[in-house]
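Q: Provided below: entry33.pdb, containing PDB, C-alpha atoms, pLDDT in the B column.
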```
MODEL        1
ATOM      1  CA  MET A   1      78.093  78.044  67.944  1.00 39.00           C
ATOM      2  CA  SER A   2      80.847  79.040  70.376  1.00 52.00           C
ATOM      3  CA  ALA A   3      81.682  76.725  73.260  1.00 67.00           C
ATOM      4  CA  ALA A   4      80.073  77.531  76.588  1.00 86.00           C
ATOM      5  CA  LYS A   5      82.308  79.184  79.141  1.00 94.00           C
ATOM      6  CA  PRO A   6      83.487  77.147  82.125  1.00 97.00           C
ATOM      7  CA  LEU A   7      81.138  77.451  85.094  1.00 97.00           C
ATOM      8  CA  ALA A   8      82.107  78.178  88.695  1.00 97.00           C
ATOM      9  CA  ILE A   9      79.602  77.801  91.518  1.00 98.00           C
ATOM     10  CA  VAL A  10      80.843  79.746  94.550  1.00 97.00           C
ATOM     11  CA  THR A  11      79.104  79.680  97.911  1.00 97.00           C
ATOM     12  CA  GLY A  12      79.439  82.539 100.378  1.00 94.00           C
ATOM     13  CA  CYS A  13      80.156  84.880  97.466  1.00 92.00           C
ATOM     14  CA  SER A  14      78.831  88.152  98.872  1.00 89.00           C
ATOM     15  CA  ARG A  15      81.964  89.234 100.748  1.00 90.00           C
ATOM     16  CA  GLY A  16      85.416  88.270 101.960  1.00 93.00           C
ATOM     17  CA  LEU A  17      87.234  85.315 100.482  1.00 96.00           C
ATOM     18  CA  GLY A  18      84.208  84.061  98.546  1.00 95.00           C
ATOM     19  CA  LEU A  19      83.799  87.387  96.759  1.00 94.00           C
ATOM     20  CA  ALA A  20      87.519  87.510  95.978  1.00 95.00           C
ATOM     21  CA  ILE A  21      87.409  83.990  94.526  1.00 97.00           C
ATOM     22  CA  ALA A  22      84.297  84.753  92.463  1.00 95.00           C
ATOM     23  CA  THR A  23      85.845  87.954  91.104  1.00 94.00           C
ATOM     24  CA  LYS A  24      89.097  86.316  90.054  1.00 96.00           C
ATOM     25  CA  LEU A  25      87.335  83.366  88.413  1.00 97.00           C
ATOM     26  CA  TYR A  26      85.186  85.812  86.450  1.00 95.00           C
ATOM     27  CA  GLU A  27      88.340  87.607  85.326  1.00 95.00           C
ATOM     28  CA  LYS A  28      89.695  84.249  84.111  1.00 96.00           C
ATOM     29  CA  GLY A  29      86.698  83.744  81.831  1.00 95.00           C
ATOM     30  CA  PHE A  30      84.313  81.736  84.016  1.00 96.00           C
ATOM     31  CA  ASP A  31      80.592  82.199  84.241  1.00 95.00           C
ATOM     32  CA  VAL A  32      80.170  82.551  88.010  1.00 95.00           C
ATOM     33  CA  ALA A  33      77.012  81.446  89.805  1.00 95.00           C
ATOM     34  CA  GLY A  34      77.239  82.857  93.301  1.00 94.00           C
ATOM     35  CA  ILE A  35      75.238  81.649  96.295  1.00 95.00           C
ATOM     36  CA  ALA A  36      74.892  83.644  99.503  1.00 92.00           C
ATOM     37  CA  ARG A  37      72.387  84.790 102.091  1.00 89.00           C
ATOM     38  CA  SER A  38      72.734  88.356 100.811  1.00 84.00           C
ATOM     39  CA  TYR A  39      73.809  90.069  97.612  1.00 80.00           C
ATOM     40  CA  PRO A  40      77.323  91.522  97.259  1.00 72.00           C
ATOM     41  CA  PRO A  41      77.835  95.285  96.978  1.00 70.00           C
ATOM     42  CA  PRO A  42      76.570  96.628  93.610  1.00 69.00           C
ATOM     43  CA  ALA A  43      80.078  97.369  92.361  1.00 62.00           C
ATOM     44  CA  GLN A  44      81.079  93.719  92.826  1.00 66.00           C
ATOM     45  CA  LYS A  45      77.823  92.126  91.661  1.00 65.00           C
ATOM     46  CA  LYS A  46      78.903  92.644  88.052  1.00 68.00           C
ATOM     47  CA  PHE A  47      81.440  89.845  88.495  1.00 67.00           C
ATOM     48  CA  LEU A  48      78.662  87.292  88.995  1.00 77.00           C
ATOM     49  CA  SER A  49      76.766  85.868  86.035  1.00 77.00           C
ATOM     50  CA  HIS A  50      74.025  85.038  88.513  1.00 86.00           C
ATOM     51  CA  CYS A  51      73.728  85.647  92.232  1.00 88.00           C
ATOM     52  CA  TYR A  52      71.298  83.442  94.103  1.00 94.00           C
ATOM     53  CA  LYS A  53      70.052  84.187  97.603  1.00 93.00           C
ATOM     54  CA  CYS A  54      69.974  80.994  99.619  1.00 95.00           C
ATOM     55  CA  ASP A  55      70.479  80.025 103.240  1.00 96.00           C
ATOM     56  CA  LEU A  56      72.841  77.072 102.959  1.00 97.00           C
ATOM     57  CA  SER A  57      71.982  75.957 106.481  1.00 96.00           C
ATOM     58  CA  GLN A  58      68.504  75.085 105.157  1.00 95.00           C
ATOM     59  CA  PRO A  59      68.729  71.886 103.048  1.00 92.00           C
ATOM     60  CA  GLN A  60      65.373  72.396 101.350  1.00 94.00           C
ATOM     61  CA  GLN A  61      66.496  75.779 100.027  1.00 96.00           C
ATOM     62  CA  VAL A  62      69.694  74.219  98.678  1.00 97.00           C
ATOM     63  CA  GLU A  63      67.863  71.418  96.880  1.00 97.00           C
ATOM     64  CA  THR A  64      65.301  73.802  95.425  1.00 97.00           C
ATOM     65  CA  LEU A  65      67.962  76.194  94.150  1.00 97.00           C
ATOM     66  CA  PHE A  66      69.968  73.438  92.525  1.00 97.00           C
ATOM     67  CA  HIS A  67      67.058  71.827  90.703  1.00 97.00           C
ATOM     68  CA  SER A  68      65.418  75.113  89.697  1.00 96.00           C
ATOM     69  CA  SER A  69      68.511  76.984  88.515  1.00 95.00           C
ATOM     70  CA  LEU A  70      71.991  75.497  88.925  1.00 97.00           C
ATOM     71  CA  LYS A  71      71.180  72.253  87.128  1.00 96.00           C
ATOM     72  CA  GLU A  72      70.243  74.205  84.013  1.00 95.00           C
ATOM     73  CA  GLU A  73      73.376  76.356  84.216  1.00 94.00           C
ATOM     74  CA  MET A  74      75.547  73.236  84.195  1.00 96.00           C
ATOM     75  CA  LYS A  75      74.336  72.018  80.802  1.00 95.00           C
ATOM     76  CA  ASN A  76      76.909  71.789  77.995  1.00 94.00           C
ATOM     77  CA  ARG A  77      79.851  72.887  80.133  1.00 97.00           C
ATOM     78  CA  ASP A  78      83.292  71.386  79.532  1.00 97.00           C
ATOM     79  CA  ARG A  79      84.523  72.497  82.958  1.00 98.00           C
ATOM     80  CA  ILE A  80      82.554  72.902  86.178  1.00 98.00           C
ATOM     81  CA  VAL A  81      84.054  74.139  89.429  1.00 98.00           C
ATOM     82  CA  LEU A  82      82.327  74.062  92.814  1.00 98.00           C
ATOM     83  CA  VAL A  83      83.875  76.194  95.557  1.00 98.00           C
ATOM     84  CA  ASN A  84      82.435  75.262  98.945  1.00 98.00           C
ATOM     85  CA  ASN A  85      83.424  78.459 100.722  1.00 98.00           C
ATOM     86  CA  ALA A  86      80.452  79.402 102.905  1.00 96.00           C
ATOM     87  CA  GLY A  87      80.961  78.579 106.557  1.00 95.00           C
ATOM     88  CA  SER A  88      80.386  79.664 110.123  1.00 95.00           C
ATOM     89  CA  LEU A  89      82.211  79.424 113.443  1.00 94.00           C
ATOM     90  CA  GLY A  90      78.972  78.304 115.039  1.00 92.00           C
ATOM     91  CA  PRO A  91      78.488  78.368 118.802  1.00 91.00           C
ATOM     92  CA  ILE A  92      81.662  79.297 120.689  1.00 93.00           C
ATOM     93  CA  GLY A  93      82.467  78.091 124.178  1.00 92.00           C
ATOM     94  CA  PRO A  94      83.281  74.947 126.147  1.00 92.00           C
ATOM     95  CA  THR A  95      81.538  71.769 125.108  1.00 89.00           C
ATOM     96  CA  SER A  96      79.726  71.743 128.461  1.00 86.00           C
ATOM     97  CA  LEU A  97      77.644  74.706 127.268  1.00 81.00           C
ATOM     98  CA  PHE A  98      76.023  72.543 124.596  1.00 77.00           C
ATOM     99  CA  GLY A  99      73.873  71.072 127.362  1.00 68.00           C
ATOM    100  CA  ASP A 100      72.331  74.450 128.199  1.00 66.00           C
ATOM    101  CA  ASP A 101      68.949  74.364 126.457  1.00 61.00           C
ATOM    102  CA  ALA A 102      68.339  78.026 127.270  1.00 55.00           C
ATOM    103  CA  MET A 103      71.113  79.013 124.824  1.00 57.00           C
ATOM    104  CA  GLY A 104      69.484  77.258 121.882  1.00 70.00           C
ATOM    105  CA  ALA A 105      72.704  75.296 121.535  1.00 75.00           C
ATOM    106  CA  VAL A 106      71.178  72.293 119.768  1.00 83.00           C
ATOM    107  CA  ALA A 107      69.624  74.415 117.029  1.00 87.00           C
ATOM    108  CA  SER A 108      72.799  76.472 116.572  1.00 88.00           C
ATOM    109  CA  LEU A 109      75.014  73.390 116.467  1.00 90.00           C
ATOM    110  CA  ASP A 110      72.731  71.699 113.948  1.00 93.00           C
ATOM    111  CA  ALA A 111      72.551  74.758 111.678  1.00 95.00           C
ATOM    112  CA  THR A 112      76.346  75.086 111.657  1.00 95.00           C
ATOM    113  CA  ILE A 113      76.852  71.448 110.699  1.00 96.00           C
ATOM    114  CA  ARG A 114      74.321  71.814 107.878  1.00 97.00           C
ATOM    115  CA  LEU A 115      76.113  74.907 106.584  1.00 97.00           C
ATOM    116  CA  ASN A 116      79.685  73.674 106.993  1.00 98.00           C
ATOM    117  CA  VAL A 117      79.241  70.001 106.072  1.00 98.00           C
ATOM    118  CA  THR A 118      75.815  68.874 104.857  1.00 98.00           C
ATOM    119  CA  SER A 119      75.317  71.424 102.079  1.00 97.00           C
ATOM    120  CA  PRO A 120      78.877  71.135 100.695  1.00 98.00           C
ATOM    121  CA  MET A 121      78.576  67.340 100.581  1.00 98.00           C
ATOM    122  CA  TRP A 122      75.175  67.465  98.928  1.00 98.00           C
ATOM    123  CA  LEU A 123      76.249  70.070  96.380  1.00 98.00           C
ATOM    124  CA  SER A 124      79.370  68.070  95.544  1.00 98.00           C
ATOM    125  CA  GLY A 125      77.256  65.007  94.832  1.00 97.00           C
ATOM    126  CA  ALA A 126      74.725  66.979  92.814  1.00 98.00           C
ATOM    127  CA  VAL A 127      77.451  68.546  90.664  1.00 98.00           C
ATOM    128  CA  LEU A 128      79.015  65.151  89.986  1.00 97.00           C
ATOM    129  CA  ARG A 129      75.625  63.698  89.054  1.00 96.00           C
ATOM    130  CA  GLU A 130      74.665  66.451  86.649  1.00 96.00           C
ATOM    131  CA  ALA A 131      78.029  67.256  85.044  1.00 97.00           C
ATOM    132  CA  GLY A 132      78.624  65.699  81.663  1.00 94.00           C
ATOM    133  CA  ALA A 133      80.734  62.550  81.700  1.00 94.00           C
ATOM    134  CA  GLU A 134      83.440  64.303  79.671  1.00 95.00           C
ATOM    135  CA  ALA A 135      83.468  67.490  81.728  1.00 97.00           C
ATOM    136  CA  ALA A 136      86.366  68.399  83.986  1.00 98.00           C
ATOM    137  CA  VAL A 137      84.996  68.720  87.519  1.00 98.00           C
ATOM    138  CA  ARG A 138      86.898  70.493  90.285  1.00 98.00           C
ATOM    139  CA  ILE A 139      85.564  70.444  93.847  1.00 98.00           C
ATOM    140  CA  ILE A 140      87.292  72.968  96.128  1.00 98.00           C
ATOM    141  CA  ASN A 141      86.552  72.799  99.844  1.00 98.00           C
ATOM    142  CA  ILE A 142      87.671  75.832 101.837  1.00 98.00           C
ATOM    143  CA  SER A 143      89.206  74.264 104.901  1.00 97.00           C
ATOM    144  CA  SER A 144      91.068  75.601 107.948  1.00 96.00           C
ATOM    145  CA  GLY A 145      93.914  74.812 110.277  1.00 94.00           C
ATOM    146  CA  ALA A 146      91.071  73.971 112.663  1.00 95.00           C
ATOM    147  CA  ALA A 147      90.448  70.823 110.613  1.00 96.00           C
ATOM    148  CA  ASP A 148      93.455  69.177 112.252  1.00 94.00           C
ATOM    149  CA  SER A 149      94.237  71.405 115.267  1.00 96.00           C
ATOM    150  CA  ALA A 150      91.966  71.611 118.304  1.00 97.00           C
ATOM    151  CA  TYR A 151      91.048  75.101 119.501  1.00 97.00           C
ATOM    152  CA  PRO A 152      89.343  75.519 122.890  1.00 97.00           C
ATOM    153  CA  GLY A 153      85.774  76.710 122.440  1.00 95.00           C
ATOM    154  CA  TRP A 154      85.657  75.854 118.746  1.00 96.00           C
ATOM    155  CA  GLY A 155      84.249  72.334 118.997  1.00 94.00           C
ATOM    156  CA  THR A 156      81.644  72.872 116.286  1.00 94.00           C
ATOM    157  CA  TYR A 157      83.970  74.622 113.868  1.00 96.00           C
ATOM    158  CA  CYS A 158      86.870  72.204 114.311  1.00 97.00           C
ATOM    159  CA  ALA A 159      84.648  69.141 114.001  1.00 97.00           C
ATOM    160  CA  SER A 160      82.825  70.442 110.945  1.00 97.00           C
ATOM    161  CA  LYS A 161      86.019  71.413 109.118  1.00 98.00           C
ATOM    162  CA  ALA A 162      87.516  67.993 109.863  1.00 98.00           C
ATOM    163  CA  ALA A 163      84.356  66.382 108.509  1.00 98.00           C
ATOM    164  CA  LEU A 164      84.484  68.494 105.346  1.00 98.00           C
ATOM    165  CA  ARG A 165      88.096  67.475 104.768  1.00 98.00           C
ATOM    166  CA  MET A 166      87.257  63.783 105.128  1.00 98.00           C
ATOM    167  CA  SER A 167      84.271  64.131 102.806  1.00 98.00           C
ATOM    168  CA  GLY A 168      86.646  65.383 100.118  1.00 98.00           C
ATOM    169  CA  GLN A 169      88.984  62.442 100.662  1.00 98.00           C
ATOM    170  CA  VAL A 170      86.085  60.023 100.366  1.00 98.00           C
ATOM    171  CA  LEU A 171      84.855  61.719  97.189  1.00 97.00           C
ATOM    172  CA  ALA A 172      88.303  61.226  95.673  1.00 96.00           C
ATOM    173  CA  VAL A 173      88.382  57.489  96.398  1.00 97.00           C
ATOM    174  CA  ASP A 174      84.797  57.212  95.173  1.00 97.00           C
ATOM    175  CA  ALA A 175      85.997  58.612  91.853  1.00 94.00           C
ATOM    176  CA  SER A 176      88.615  55.896  91.550  1.00 91.00           C
ATOM    177  CA  GLU A 177      86.583  52.907  92.715  1.00 95.00           C
ATOM    178  CA  PHE A 178      82.975  53.337  91.584  1.00 96.00           C
ATOM    179  CA  ASP A 179      82.293  52.370  87.982  1.00 94.00           C
ATOM    180  CA  GLU A 180      80.066  55.382  87.289  1.00 92.00           C
ATOM    181  CA  LEU A 181      82.918  57.739  88.220  1.00 94.00           C
ATOM    182  CA  LYS A 182      85.976  55.836  86.996  1.00 93.00           C
ATOM    183  CA  GLY A 183      87.817  57.529  84.165  1.00 94.00           C
ATOM    184  CA  ARG A 184      86.223  60.917  84.711  1.00 97.00           C
ATOM    185  CA  ASP A 185      88.333  64.032  85.179  1.00 97.00           C
ATOM    186  CA  VAL A 186      87.352  64.707  88.794  1.00 98.00           C
ATOM    187  CA  ARG A 187      89.692  66.348  91.293  1.00 98.00           C
ATOM    188  CA  VAL A 188      89.231  67.609  94.854  1.00 98.00           C
ATOM    189  CA  PHE A 189      91.224  70.373  96.558  1.00 98.00           C
ATOM    190  CA  ASP A 190      91.123  70.857 100.336  1.00 98.00           C
ATOM    191  CA  TYR A 191      92.469  74.373 100.830  1.00 98.00           C
ATOM    192  CA  ALA A 192      93.322  76.130 104.090  1.00 97.00           C
ATOM    193  CA  PRO A 193      93.363  79.833 103.137  1.00 97.00           C
ATOM    194  CA  GLY A 194      95.358  81.158 106.077  1.00 95.00           C
ATOM    195  CA  VAL A 195      94.190  83.778 108.567  1.00 95.00           C
ATOM    196  CA  VAL A 196      92.290  85.958 106.105  1.00 94.00           C
ATOM    197  CA  ASP A 197      91.116  89.484 106.863  1.00 92.00           C
ATOM    198  CA  THR A 198      87.350  88.809 106.832  1.00 91.00           C
ATOM    199  CA  ASP A 199      84.269  89.340 108.954  1.00 90.00           C
ATOM    200  CA  MET A 200      84.856  85.924 110.521  1.00 92.00           C
ATOM    201  CA  GLN A 201      88.204  87.128 111.827  1.00 93.00           C
ATOM    202  CA  LEU A 202      86.495  90.167 113.305  1.00 92.00           C
ATOM    203  CA  GLN A 203      84.105  87.795 115.069  1.00 94.00           C
ATOM    204  CA  VAL A 204      87.065  85.828 116.422  1.00 95.00           C
ATOM    205  CA  ARG A 205      88.870  88.952 117.692  1.00 95.00           C
ATOM    206  CA  THR A 206      85.786  90.220 119.480  1.00 94.00           C
ATOM    207  CA  SER A 207      84.997  86.891 121.146  1.00 95.00           C
ATOM    208  CA  ASP A 208      84.647  86.766 124.920  1.00 95.00           C
ATOM    209  CA  VAL A 209      87.890  85.394 126.331  1.00 96.00           C
ATOM    210  CA  LYS A 210      85.799  83.296 128.725  1.00 95.00           C
ATOM    211  CA  LEU A 211      84.393  81.463 125.700  1.00 94.00           C
ATOM    212  CA  PHE A 212      87.538  81.502 123.522  1.00 96.00           C
ATOM    213  CA  PRO A 213      90.739  81.613 125.606  1.00 96.00           C
ATOM    214  CA  ARG A 214      93.022  82.148 122.596  1.00 96.00           C
ATOM    215  CA  VAL A 215      91.425  85.367 121.420  1.00 96.00           C
ATOM    216  CA  GLU A 216      94.598  87.395 122.071  1.00 96.00           C
ATOM    217  CA  LYS A 217      96.493  85.338 119.500  1.00 95.00           C
ATOM    218  CA  PHE A 218      94.185  86.582 116.764  1.00 95.00           C
ATOM    219  CA  VAL A 219      94.117  90.131 118.133  1.00 95.00           C
ATOM    220  CA  GLY A 220      97.905  90.066 117.851  1.00 96.00           C
ATOM    221  CA  LEU A 221      97.838  88.815 114.264  1.00 94.00           C
ATOM    222  CA  HIS A 222      95.568  91.689 113.318  1.00 95.00           C
ATOM    223  CA  SER A 223      97.495  94.397 115.167  1.00 95.00           C
ATOM    224  CA  GLY A 224     100.748  93.035 113.776  1.00 96.00           C
ATOM    225  CA  GLY A 225      99.524  93.259 110.180  1.00 94.00           C
ATOM    226  CA  LYS A 226      99.773  89.506 109.748  1.00 95.00           C
ATOM    227  CA  LEU A 227      96.317  88.854 108.257  1.00 95.00           C
ATOM    228  CA  VAL A 228      96.189  87.612 104.663  1.00 96.00           C
ATOM    229  CA  LYS A 229      94.390  89.667 102.014  1.00 96.00           C
ATOM    230  CA  ALA A 230      91.422  87.820 100.535  1.00 96.00           C
ATOM    231  CA  GLU A 231      92.604  88.626  96.998  1.00 96.00           C
ATOM    232  CA  ASP A 232      95.949  86.950  97.652  1.00 97.00           C
ATOM    233  CA  SER A 233      94.482  83.880  99.334  1.00 97.00           C
ATOM    234  CA  ALA A 234      92.084  83.387  96.411  1.00 97.00           C
ATOM    235  CA  MET A 235      94.850  82.698  93.888  1.00 97.00           C
ATOM    236  CA  PRO A 236      95.550  79.010  94.721  1.00 97.00           C
ATOM    237  CA  VAL A 237      91.809  78.363  94.334  1.00 98.00           C
ATOM    238  CA  VAL A 238      91.835  79.926  90.878  1.00 98.00           C
ATOM    239  CA  ASP A 239      94.926  77.959  89.875  1.00 98.00           C
ATOM    240  CA  PHE A 240      93.268  74.694  90.888  1.00 98.00           C
ATOM    241  CA  ALA A 241      90.047  75.619  89.115  1.00 98.00           C
ATOM    242  CA  LEU A 242      92.039  75.874  85.890  1.00 98.00           C
ATOM    243  CA  CYS A 243      94.273  72.824  86.399  1.00 97.00           C
ATOM    244  CA  GLY A 244      94.428  69.786  84.174  1.00 97.00           C
ATOM    245  CA  PRO A 245      94.106  66.108  85.103  1.00 96.00           C
ATOM    246  CA  GLY A 246      96.091  64.860  88.077  1.00 96.00           C
ATOM    247  CA  GLU A 247      95.762  63.363  91.536  1.00 95.00           C
ATOM    248  CA  ALA A 248      92.164  62.955  92.640  1.00 96.00           C
ATOM    249  CA  TYR A 249      92.783  64.585  96.041  1.00 97.00           C
ATOM    250  CA  THR A 250      95.121  67.420  96.983  1.00 97.00           C
ATOM    251  CA  GLN A 251      95.590  69.404 100.174  1.00 97.00           C
ATOM    252  CA  GLY A 252      96.957  72.904 100.167  1.00 96.00           C
ATOM    253  CA  ARG A 253      97.617  75.752 102.567  1.00 96.00           C
ATOM    254  CA  TYR A 254      98.165  79.400 101.734  1.00 94.00           C
ATOM    255  CA  GLY A 255     101.814  80.376 101.724  1.00 85.00           C
ATOM    256  CA  THR A 256     103.217  76.837 101.457  1.00 78.00           C
TER     257      THR A 256
ENDMDL
END
```
In structure tokens, how does this file's structure come out?
A:
Amino acid sequence: MSAAKPLAIVTGCSRGLGLAIATKLYEKGFDVAGIARSYPPPAQKKFLSHCYKCDLSQPQQVETLFHSSLKEEMKNRDRIVLVNNAGSLGPIGPTSLFGDDAMGAVASLDATIRLNVTSPMWLSGAVLREAGAEAAVRIINISSGAADSAYPGWGTYCASKAALRMSGQVLAVDASEFDELKGRDVRVFDYAPGVVDTDMQLQVRTSDVKLFPRVEKFVGLHSGGKLVKAEDSAMPVVDFALCGPGEAYTQGRYGT
């Protein structure tokens, strides 16, 4: 019997950076289990071994998907990669607007935190639990410059990306200090992909300047041809997915 292919679980796989990552991992010989709220275009769907529809801001859907499908896909794999790519800007505007109940700010804030932080943390733990003790496990968290730089109006996004980065650092020290994880080939990569030409960037450029005062910066990057192609930004993710043993935690940024 031939060995099972390595498995990559990629969230937010239906478009943009997530689709580019999924496609390139497939081309490198991975079985790719994609998770998104919608299916990718038919021409790109062929690059996914399975594509699961799931709203990652809804924890019950995430748990159900993992136990009903992903857990089974992980069996007998020598290498398992989780790419926590799905994310949202969330509510944009000054923090004072969070107190306006009429805007539904509490619900929007909560949903963004669940999508950007809760689900990635839970999936990371679930993958570690179910992966074989001898399997190489790579957790890749798609980060942002907003994880360590404050942007006016982006309180939810900045805070959630900072939290995701710290969760990866904690996972790495867990792997070195808890007996059940010691000695396993577990590595975490916090990756800031650059200003990628995606739908999220379109959302940024069309933001109301009254809610996001730095909108012209991103308009200028687009008009100046300075946005990064998703296919190019995906390559460091692929390289890490294929890497051997090494430091438990690594940070990276596109172009550096």
Q: Hey, what's within 6 Å of region 144-158 of chain A if we count all atoms listed in the file and toss same-chain stuff fewer than 2 positions away? As a CSV table (one decimal) with C-alpha atoms, in the frame of the given file, please?
A:
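As written to disk, around_37.csv reads:
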```csv
chain,number,residue,atom,x,y,z
A,89,LEU,CA,82.2,79.4,113.4
A,92,ILE,CA,81.7,79.3,120.7
A,93,GLY,CA,82.5,78.1,124.2
A,94,PRO,CA,83.3,74.9,126.1
A,160,SER,CA,82.8,70.4,110.9
A,161,LYS,CA,86.0,71.4,109.1
A,162,ALA,CA,87.5,68.0,109.9
A,192,ALA,CA,93.3,76.1,104.1
A,211,LEU,CA,84.4,81.5,125.7
A,212,PHE,CA,87.5,81.5,123.5
```
Q: Pull out every residue that the PyMOL selection byres ((chain A and resi 215) around 12) matches in the shown coordinates and put them as an NGL selection string.
A: :A and (92-93 or 151-154 or 201-214 or 216-222)
Q: The PyMOL selection byres ((chain A and resi 48) around 10) on the file shown: which residues, as a PDB file with C-alpha atoms, keeping the file's coordinate frame?
A:
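out-v1.pdb written:
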```
ATOM      1  CA  ALA A   8      82.107  78.178  88.695  1.00 97.00           C
ATOM      2  CA  ILE A   9      79.602  77.801  91.518  1.00 98.00           C
ATOM      3  CA  VAL A  10      80.843  79.746  94.550  1.00 97.00           C
ATOM      4  CA  CYS A  13      80.156  84.880  97.466  1.00 92.00           C
ATOM      5  CA  SER A  14      78.831  88.152  98.872  1.00 89.00           C
ATOM      6  CA  LEU A  19      83.799  87.387  96.759  1.00 94.00           C
ATOM      7  CA  ALA A  22      84.297  84.753  92.463  1.00 95.00           C
ATOM      8  CA  THR A  23      85.845  87.954  91.104  1.00 94.00           C
ATOM      9  CA  LEU A  25      87.335  83.366  88.413  1.00 97.00           C
ATOM     10  CA  TYR A  26      85.186  85.812  86.450  1.00 95.00           C
ATOM     11  CA  PHE A  30      84.313  81.736  84.016  1.00 96.00           C
ATOM     12  CA  ASP A  31      80.592  82.199  84.241  1.00 95.00           C
ATOM     13  CA  VAL A  32      80.170  82.551  88.010  1.00 95.00           C
ATOM     14  CA  ALA A  33      77.012  81.446  89.805  1.00 95.00           C
ATOM     15  CA  GLY A  34      77.239  82.857  93.301  1.00 94.00           C
ATOM     16  CA  ILE A  35      75.238  81.649  96.295  1.00 95.00           C
ATOM     17  CA  PRO A  40      77.323  91.522  97.259  1.00 72.00           C
ATOM     18  CA  GLN A  44      81.079  93.719  92.826  1.00 66.00           C
ATOM     19  CA  LYS A  45      77.823  92.126  91.661  1.00 65.00           C
ATOM     20  CA  LYS A  46      78.903  92.644  88.052  1.00 68.00           C
ATOM     21  CA  PHE A  47      81.440  89.845  88.495  1.00 67.00           C
ATOM     22  CA  SER A  49      76.766  85.868  86.035  1.00 77.00           C
ATOM     23  CA  HIS A  50      74.025  85.038  88.513  1.00 86.00           C
ATOM     24  CA  CYS A  51      73.728  85.647  92.232  1.00 88.00           C
ATOM     25  CA  TYR A  52      71.298  83.442  94.103  1.00 94.00           C
TER      26      TYR A  52
END
```
Q: In file coordinates, which residues lie within 12 Å of (69.7, 88.1, 105.7) using only C-alpha atoms, given as JSON, numbers by chain?
A: {"A": [14, 36, 37, 38, 39, 40, 53, 54, 55, 56]}
Q: I'd like the contact shell of Glu130 (chain A) - 12 Å cut-off, all atoms listed in the file, skipping same-chain residues fewer than 5 positions apart - returned as a VMD selection string.
A: chain A and resid 66 to 67 70 to 77 80 123 to 125 135 137
Q: Those selected residues, please, written with C-alpha atoms and delivered as a short mmCIF file (atom, residue, chain, number, x, y, z; two decimals), in the coordinates of the input.
A:
```cif
data_model
loop_
_atom_site.label_atom_id
_atom_site.label_comp_id
_atom_site.auth_asym_id
_atom_site.auth_seq_id
_atom_site.Cartn_x
_atom_site.Cartn_y
_atom_site.Cartn_z
CA PHE A 66 69.97 73.44 92.52
CA HIS A 67 67.06 71.83 90.70
CA LEU A 70 71.99 75.50 88.92
CA LYS A 71 71.18 72.25 87.13
CA GLU A 72 70.24 74.20 84.01
CA GLU A 73 73.38 76.36 84.22
CA MET A 74 75.55 73.24 84.20
CA LYS A 75 74.34 72.02 80.80
CA ASN A 76 76.91 71.79 78.00
CA ARG A 77 79.85 72.89 80.13
CA ILE A 80 82.55 72.90 86.18
CA LEU A 123 76.25 70.07 96.38
CA SER A 124 79.37 68.07 95.54
CA GLY A 125 77.26 65.01 94.83
CA ALA A 135 83.47 67.49 81.73
CA VAL A 137 85.00 68.72 87.52
#
```
Q: With region 173-187 of chain A as the partner and 12 Å as the cut-off, tabulate the residues of region 46-121 of chain A that qualify, each row holding the nearest pair of atoms and their distance in Å to one decimal, using only C-alpha atoms, sorted by chain and rising number, as JSON lines.
A:
```
{"residue": "A:Asp78", "atom": "CA", "partner": "A:Asp185", "partner_atom": "CA", "distance": 10.6}
{"residue": "A:Arg79", "atom": "CA", "partner": "A:Asp185", "partner_atom": "CA", "distance": 9.5}
{"residue": "A:Ile80", "atom": "CA", "partner": "A:Val186", "partner_atom": "CA", "distance": 9.8}
{"residue": "A:Val81", "atom": "CA", "partner": "A:Arg187", "partner_atom": "CA", "distance": 9.8}
{"residue": "A:Leu82", "atom": "CA", "partner": "A:Arg187", "partner_atom": "CA", "distance": 10.8}
```
Q: If the PyMOL selection byres ((chain A and resi 228) around 6) is run on the structure shown, which residues does it catch, given as an NGL selection string?
A: :A and (195-197 or 227 or 229)
